[in-house]
$ cat structure-v7.csv   # CSV, C-alpha atoms
chain,number,residue,atom,x,y,z
P,1294,MET,CA,66.6,103.5,90.0
P,1295,ILE,CA,68.5,101.1,87.9
P,1296,PHE,CA,72.2,100.5,88.7
P,1297,SER,CA,73.7,102.5,85.9
P,1298,GLU,CA,71.5,105.6,86.6
P,1299,LYS,CA,72.7,105.4,90.2
P,1300,ALA,CA,76.3,105.0,89.3
P,1301,ASN,CA,76.3,107.9,86.7
P,1302,LYS,CA,74.6,110.2,89.2
P,1303,ILE,CA,77.1,109.4,91.9
P,1304,PHE,CA,80.1,109.8,89.6
P,1305,LEU,CA,78.9,113.2,88.6
P,1306,GLU,CA,78.5,114.2,92.2
P,1307,ALA,CA,82.1,113.1,93.0
P,1308,ILE,CA,83.5,114.9,89.9
P,1309,VAL,CA,81.6,118.2,90.6
P,1310,LYS,CA,82.7,118.1,94.3
P,1311,TYR,CA,86.3,117.6,93.3
P,1312,HIS,CA,86.3,120.5,90.9
P,1313,LYS,CA,85.0,122.9,93.5
P,1314,ALA,CA,88.5,123.0,95.0
P,1315,ASP,CA,90.2,121.4,91.9
P,1316,ASP,CA,93.2,120.4,94.0
P,1317,VAL,CA,94.7,116.9,94.1
P,1318,ASN,CA,95.7,117.4,97.7
P,1319,GLN,CA,92.3,118.3,99.0
P,1320,PRO,CA,90.8,116.2,101.8
P,1321,PHE,CA,88.4,113.5,100.9
P,1322,THR,CA,85.0,112.9,102.6
P,1323,ASN,CA,82.5,110.4,101.5
P,1324,PRO,CA,78.9,111.6,101.8
P,1325,TYR,CA,77.6,108.0,101.7
P,1326,GLU,CA,77.8,105.9,104.9
P,1327,LYS,CA,79.6,102.6,104.5
P,1328,GLU,CA,77.4,100.8,106.9
P,1329,THR,CA,74.0,101.8,105.4
P,1330,GLU,CA,74.9,102.8,101.8
P,1331,LEU,CA,77.7,100.5,100.9
P,1332,LEU,CA,77.3,100.4,97.1
P,1333,GLU,CA,77.0,104.2,96.9
P,1334,HIS,CA,80.0,104.5,99.3
P,1335,LEU,CA,82.1,102.3,97.0
P,1336,LEU,CA,81.0,104.1,93.8
P,1337,TYR,CA,81.7,107.5,95.2
P,1338,ARG,CA,85.1,106.5,96.4
P,1339,LYS,CA,86.0,104.8,93.1
P,1340,CYS,CA,85.2,107.9,91.1
P,1341,TRP,CA,87.1,110.2,93.5
P,1342,ILE,CA,90.2,108.0,93.1
P,1343,ASP,CA,89.8,108.2,89.3
P,1344,THR,CA,89.3,111.9,89.4
P,1345,VAL,CA,92.4,112.6,91.4
P,1346,GLN,CA,94.4,110.3,89.2
P,1347,TRP,CA,93.1,112.1,86.1
P,1348,HIS,CA,94.6,115.3,87.4
P,1349,TYR,CA,97.8,113.6,88.5
P,1350,GLU,CA,98.2,112.5,84.8
P,1351,ASP,CA,97.6,116.1,83.7
P,1352,ILE,CA,100.3,117.5,86.1
P,1353,ILE,CA,102.9,114.9,85.3
P,1354,ARG,CA,102.7,115.9,81.6
P,1355,ASP,CA,103.9,119.4,82.3
P,1356,PRO,CA,107.1,119.7,80.2
P,1357,ASN,CA,108.6,122.0,82.9
P,1358,ILE,CA,108.0,119.7,85.8
P,1359,GLU,CA,111.1,119.1,88.0
P,1360,PRO,CA,112.4,115.5,87.8
P,1361,ILE,CA,112.2,115.0,91.5
P,1362,ALA,CA,108.6,116.2,91.6
P,1363,ALA,CA,107.8,114.0,88.6
P,1364,LEU,CA,109.2,111.0,90.4
P,1365,ALA,CA,107.2,111.7,93.5
P,1366,LEU,CA,104.1,112.1,91.4
P,1367,LYS,CA,104.8,108.8,89.6
P,1368,ARG,CA,104.8,107.1,93.0
P,1369,LYS,CA,101.4,108.7,93.8
P,1370,ILE,CA,100.1,107.5,90.4
P,1371,ASP,CA,101.3,104.0,91.2
P,1372,ALA,CA,99.6,104.1,94.6
P,1373,SER,CA,96.4,105.5,93.0
P,1374,ASN,CA,96.4,102.6,90.5
P,1375,GLN,CA,96.6,100.2,93.4
P,1376,ASP,CA,93.7,101.9,95.1
P,1377,ARG,CA,91.7,101.9,91.9
P,1378,THR,CA,92.2,98.1,91.4
P,1379,ASP,CA,91.3,97.5,95.1
P,1380,MET,CA,88.1,99.4,94.7
P,1381,VAL,CA,87.2,97.3,91.6
P,1382,GLU,CA,87.6,94.2,93.7
P,1383,TYR,CA,85.5,95.7,96.6
P,1384,ILE,CA,82.7,96.5,94.1
P,1385,ASP,CA,82.8,93.0,92.6
P,1386,SER,CA,82.8,91.5,96.1
P,1387,TYR,CA,79.6,93.5,96.7
P,1388,PHE,CA,78.0,91.9,93.6
P,1389,LEU,CA,79.2,88.4,94.5
P,1390,LYS,CA,77.6,88.7,97.9
P,1391,LYS,CA,74.4,90.2,96.4
P,1392,TYR,CA,74.0,87.3,93.9
P,1393,ASP,CA,75.4,84.6,96.1
P,1394,ASP,CA,72.0,82.8,96.3
P,1395,VAL,CA,71.6,82.7,92.6
P,1396,THR,CA,72.2,79.2,91.0
P,1397,PRO,CA,73.6,79.7,87.5
P,1398,HIS,CA,71.9,77.8,84.7
P,1399,LYS,CA,73.7,74.8,83.3
P,1400,ASP,CA,74.4,76.7,80.1
P,1401,ALA,CA,75.3,80.0,81.9
P,1402,THR,CA,78.3,81.8,80.5
P,1403,ILE,CA,80.9,84.1,81.9
P,1404,ASN,CA,81.5,87.6,80.7
P,1405,THR,CA,84.7,88.9,79.3
P,1406,GLU,CA,84.9,91.4,82.2
P,1407,SER,CA,83.3,91.4,85.7
P,1408,PRO,CA,80.6,94.0,86.5
P,1409,ALA,CA,83.1,96.2,88.4
P,1410,TRP,CA,85.5,96.4,85.5
P,1411,GLY,CA,82.6,97.7,83.5
P,1412,VAL,CA,82.0,100.2,86.3
P,1413,ASP,CA,85.6,101.2,86.1
P,1414,ARG,CA,85.2,102.1,82.5
P,1415,LEU,CA,82.0,104.0,83.3
P,1416,SER,CA,83.7,106.1,85.9
P,1417,ILE,CA,86.5,107.0,83.5
P,1418,LEU,CA,83.9,107.8,80.8
P,1419,ALA,CA,82.2,110.2,83.3
P,1420,LEU,CA,85.4,112.1,83.6
P,1421,LYS,CA,85.9,112.2,79.8
P,1422,ILE,CA,82.4,113.6,79.4
P,1423,TYR,CA,82.9,116.2,82.1
P,1424,HIS,CA,86.1,117.5,80.7
P,1425,MET,CA,85.1,117.3,77.0
P,1426,ASN,CA,82.0,119.3,77.9
P,1427,GLU,CA,84.3,121.9,79.5
P,1428,GLU,CA,86.2,122.1,76.2
P,1429,ALA,CA,83.0,122.2,74.1
P,1430,THR,CA,81.7,125.2,76.0
P,1431,ARG,CA,85.0,127.0,76.8
P,1432,GLU,CA,84.4,130.6,75.8
P,1433,ASN,CA,88.0,131.5,75.0
P,1434,ALA,CA,88.3,128.6,72.6
P,1435,THR,CA,87.9,128.9,68.9
P,1436,PRO,CA,84.6,128.0,67.3
P,1437,GLU,CA,86.4,125.2,65.4
P,1438,HIS,CA,87.8,123.8,68.7
P,1439,ARG,CA,84.4,123.9,70.4
P,1440,LYS,CA,82.7,122.3,67.4
P,1441,ALA,CA,85.3,119.5,67.3
P,1442,CYS,CA,84.9,118.9,71.0
P,1443,GLN,CA,81.1,118.9,70.8
P,1444,GLU,CA,81.3,116.1,68.1
P,1445,LYS,CA,83.6,114.1,70.4
P,1446,LEU,CA,81.2,114.8,73.3
P,1447,ASN,CA,78.3,113.4,71.3
P,1448,VAL,CA,80.2,110.2,70.8
P,1449,LEU,CA,81.1,109.9,74.5
P,1450,LEU,CA,77.5,110.4,75.5
P,1451,GLU,CA,76.4,107.7,73.1
P,1452,GLN,CA,79.1,105.4,74.5
P,1453,ARG,CA,77.8,106.0,78.0
P,1454,VAL,CA,74.3,104.9,77.0
P,1455,ASP,CA,75.7,101.8,75.4
P,1456,LEU,CA,78.0,100.9,78.3
P,1457,SER,CA,75.3,101.7,80.9
P,1458,THR,CA,72.9,99.4,79.0
P,1459,ALA,CA,75.5,96.6,78.8
P,1460,ILE,CA,76.3,96.8,82.5
P,1461,ASP,CA,72.6,96.7,83.5
P,1462,GLN,CA,72.0,93.8,81.2
P,1463,LEU,CA,75.0,91.9,82.6
P,1464,LEU,CA,73.7,92.4,86.2
P,1465,LYS,CA,70.3,91.3,85.1
P,1466,ASP,CA,71.7,88.2,83.5
P,1467,ILE,CA,73.7,87.4,86.6
P,1468,SER,CA,70.6,87.8,88.8
P,1469,GLU,CA,68.7,85.4,86.5
P,1470,GLY,CA,71.4,82.8,86.4
P,1471,LYS,CA,72.1,83.4,82.7
P,1472,LYS,CA,75.6,84.6,83.4
P,1473,TYR,CA,78.0,84.0,86.3
P,1474,MET,CA,80.9,86.0,87.6
P,1475,LYS,CA,84.3,85.4,89.2
P,1476,VAL,CA,86.7,87.7,90.9
P,1477,TYR,CA,90.3,87.1,90.0
P,1478,LYS,CA,92.5,88.8,92.7
P,1479,GLN,CA,95.3,91.1,91.6
P,1480,MET,CA,98.5,89.5,90.5
P,1481,LYS,CA,100.5,92.6,89.9
P,1482,MET,CA,104.2,92.0,89.8
P,1483,TYR,CA,105.9,95.4,89.5
P,1484,ASN,CA,105.2,96.4,93.1
P,1485,ASP,CA,106.0,93.1,94.7
P,1486,ASP,CA,109.4,92.8,96.4
P,1487,GLU,CA,109.6,89.1,95.4
P,1488,LEU,CA,108.2,89.3,91.9
P,1489,ASN,CA,109.9,92.5,90.6
P,1490,PRO,CA,113.5,91.6,89.8
P,1491,VAL,CA,114.7,95.2,90.4
P,1492,LEU,CA,113.1,95.2,93.9
P,1493,ARG,CA,114.3,91.7,94.6
P,1494,LYS,CA,117.9,92.7,94.0
P,1495,LYS,CA,117.7,95.3,96.7
$ encode --input "structure-v7.csv" --output "structure tokens"
Amino acid sequence: MIFSEKANKIFLEAIVKYHKADDVNQPFTNPYEKETELLEHLLYRKCWIDTVQWHYEDIIRDPNIEPIAALALKRKIDASNQDRTDMVEYIDSYFLKKYDDVTPHKDATINTESPAWGVDRLSILALKIYHMNEEATRENATPEHRKACQEKLNVLLEQRVDLSTAIDQLLKDISEGKKYMKVYKQMKMYNDDELNPVLRKK
């Protein structure tokens, strides 16, 4: 199975599993063992984080949400964003190790984004497709609404084909030395006591 097929399959597994309870506070269990199925383990965890955060973002947009609850949820979204970025780095580290013995060609080029940032986009796209399909098939929606959502869904499905193809091609190019990759560690400033001027004042 090529990489994108595996990733899209695992993303759907995570999304479907989340929606069985459809609760941002539900416990998380990873069906893939870290020791024996590391890539699958990382992909499932990545999509779970994205799925929970997707629903955090829905909740915080409730116009009737209490300010204190909204602030607490904003903290959770910040923490989730950090987890999401950490997972991207873990996935990129996996690929760095996998292709460590590949010697890039003299004319090898670097991509605008690393493989894992492409995977990040693919995970979010899986969520868009899942929820747009819900809207396109929602029985209590108007025919006009369902038609509009189906048209959007068709575009999202085409986008998934294109993105999947691009990610697979990038990994192939890296494996053949035509491309090389780097991992730039996070340099976020807003959650750092020394770099955020508001936190530094405290």
$ closest_residue --input "structure-v7.csv" --among "P:His1398, P:Lys1445, P:His1438, P:Lys1391" --to "P:Lys1421" --atoms "all atoms listed in the file"
P:Lys1445
$ atom_distance --input "structure-v7.csv" --atom1 "atom CA of P:Leu1464" --atom2 "atom CA of P:Thr1329"
21.4 Å
$ closest_residue --input "structure-v7.csv" --among "P:Met1294, P:Leu1449, P:Cys1442, P:Leu1332" --to "P:Leu1420" --atoms "all atoms listed in the file"
P:Leu1449
$ closest_residue --input "structure-v7.csv" --among "P:Arg1368, P:Lys1327, P:Thr1402, P:Ile1303" --to "P:Asp1466" --atoms "all atoms listed in the file"
P:Thr1402
$ closest_residue --input "structure-v7.csv" --among "P:Leu1389, P:Leu1446, P:Ile1342, P:Ile1353" --to "P:Gln1375" --atoms "only C-alpha atoms"
P:Ile1342
$ closest_residue --input "structure-v7.csv" --among "P:Arg1354, P:Lys1399, P:Lys1339, P:Arg1431" --to "P:Arg1377" --atoms "all atoms listed in the file"
P:Lys1339
$ closest_residue --input "structure-v7.csv" --among "P:Glu1330, P:Ile1422, P:Glu1427, P:Thr1396" --to "P:Leu1305" --atoms "only C-alpha atoms"
P:Ile1422
$ atom_distance --input "structure-v7.csv" --atom1 "atom CA of P:Ile1403" --atom2 "atom CA of P:Leu1418"
23.9 Å
